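Student: Okay, handing you the structure first.
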Amino acid sequence: MAIKDSNTEQLIKDTAKRIFFAEGKLHATTQDIADAAGVSRTSLHYYFRSRDLLLKQVFNDALTGLTKQLYALMEAEMDFKEKIRQLIDLFLTETIAFPYREIFLITEMLDGDADIYVQKEKGASKMAAFLKQIEAEMEMGTISKMDPTQFMMNIMALNSHPLVMRPLHKQMFNLTDAEYMKKMDERKKIICDLILK
């Protein structure tokens, strides 16, 4: 039995991640991914039996990496406003790097495949603890009072919407890629100013 090369496997996953979530080619074939990675399609199938298995593996890896960073921030002992600034920076940085990941997640949920993305109990308890922290900060007047879940949804929406809508916004406002990315970088401060008092 042949021994799998972890470098080749990682190269295939990194290439698929870029094609699916950075370039937005959610319908890319295994041949497209193999060509971009510089490997044969047979080699790709050796590591991943199907395109769907590769796609789900890549998505789960990306999501796991993001959630680990999010949970670490949620639990960090630091000033609340600084924590929110870092959270906004993380969300925006990740969404800029992989603007089509959310579209993929929504598509999968609509197709009924959301069960693979349901948060584990550990993650849900960390989010619940963070929502309680947000509520406590609201009581202290650090941020405006509202349902804590609305606060988190505001952060996510203000970060992801402009990037998901990037093609339309670029055309609507007649912006180059460089101009649009400059505006996305400026959003970090704008979102903080909107969210924090």
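Chain labels A, B, ... are given in the sequence in which chains occur in the structure tokens; within each chain residues are numbered consecutively from 1, and ligands are likewise numbered from 1 in the order shown.
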Using 8 Å as the limit and counting only C-alpha atoms, can you tabulate each residue of segment 46-91 of chain A that touches segment 176-190 of chain A, with its shortest atom-to-atom distance in Å and the two atoms involved, as CSV?
Tutor:
residue,atom,partner,partner_atom,distance
A:Arg85,CA,A:Lys188,CA,7.7
A:Ile88,CA,A:Lys188,CA,6.5
A:Asp89,CA,A:Lys188,CA,6.2
Student: Could you save the residues just selected, with C-alpha atoms, as a JSON list (two decimals), in the first residue's frame?
Tutor:
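Dumped everything to selection05.json:
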[["chain", "number", "residue", "atom", "x", "y", "z"],
["A", 85, "ARG", "CA", -11.52, 45.58, 18.08],
["A", 88, "ILE", "CA", -13.64, 42.88, 14.20],
["A", 89, "ASP", "CA", -10.11, 42.72, 12.81]]
Student: Between atom CA of Met156 of chain A and atom CA of Ala22 of chain A, what is the spacing in Å?
Tutor: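 Going from atom CA of Ala22 of chain A over to atom CA of Met156 of chain A, I get 18.2 Å.
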Student: Could you please write out, as an MDAnalysis selection string, every residue of segment 108-171 of chain A that DSSP assigns to alpha helix (DSSP H)?
Tutor: chainID A and resid 108:110 121:140 148:164 166:171
Student: Using atom CA of Lys17 of chain A and atom CA of Leu70 of chain A as the two end points, give the distance in Å to one decimal.
Tutor: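 Between atom CA of Lys17 of chain A and atom CA of Leu70 of chain A the gap is 19.7 Å.
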Student: Which of these residues is nearest to Met146 of chain A, using only C-alpha atoms: A:Met165, A:Ile195, A:Ile33, A:Leu55?
Tutor: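 Using only C-alpha atoms, Met146 of chain A sits closest to A:Ile195.
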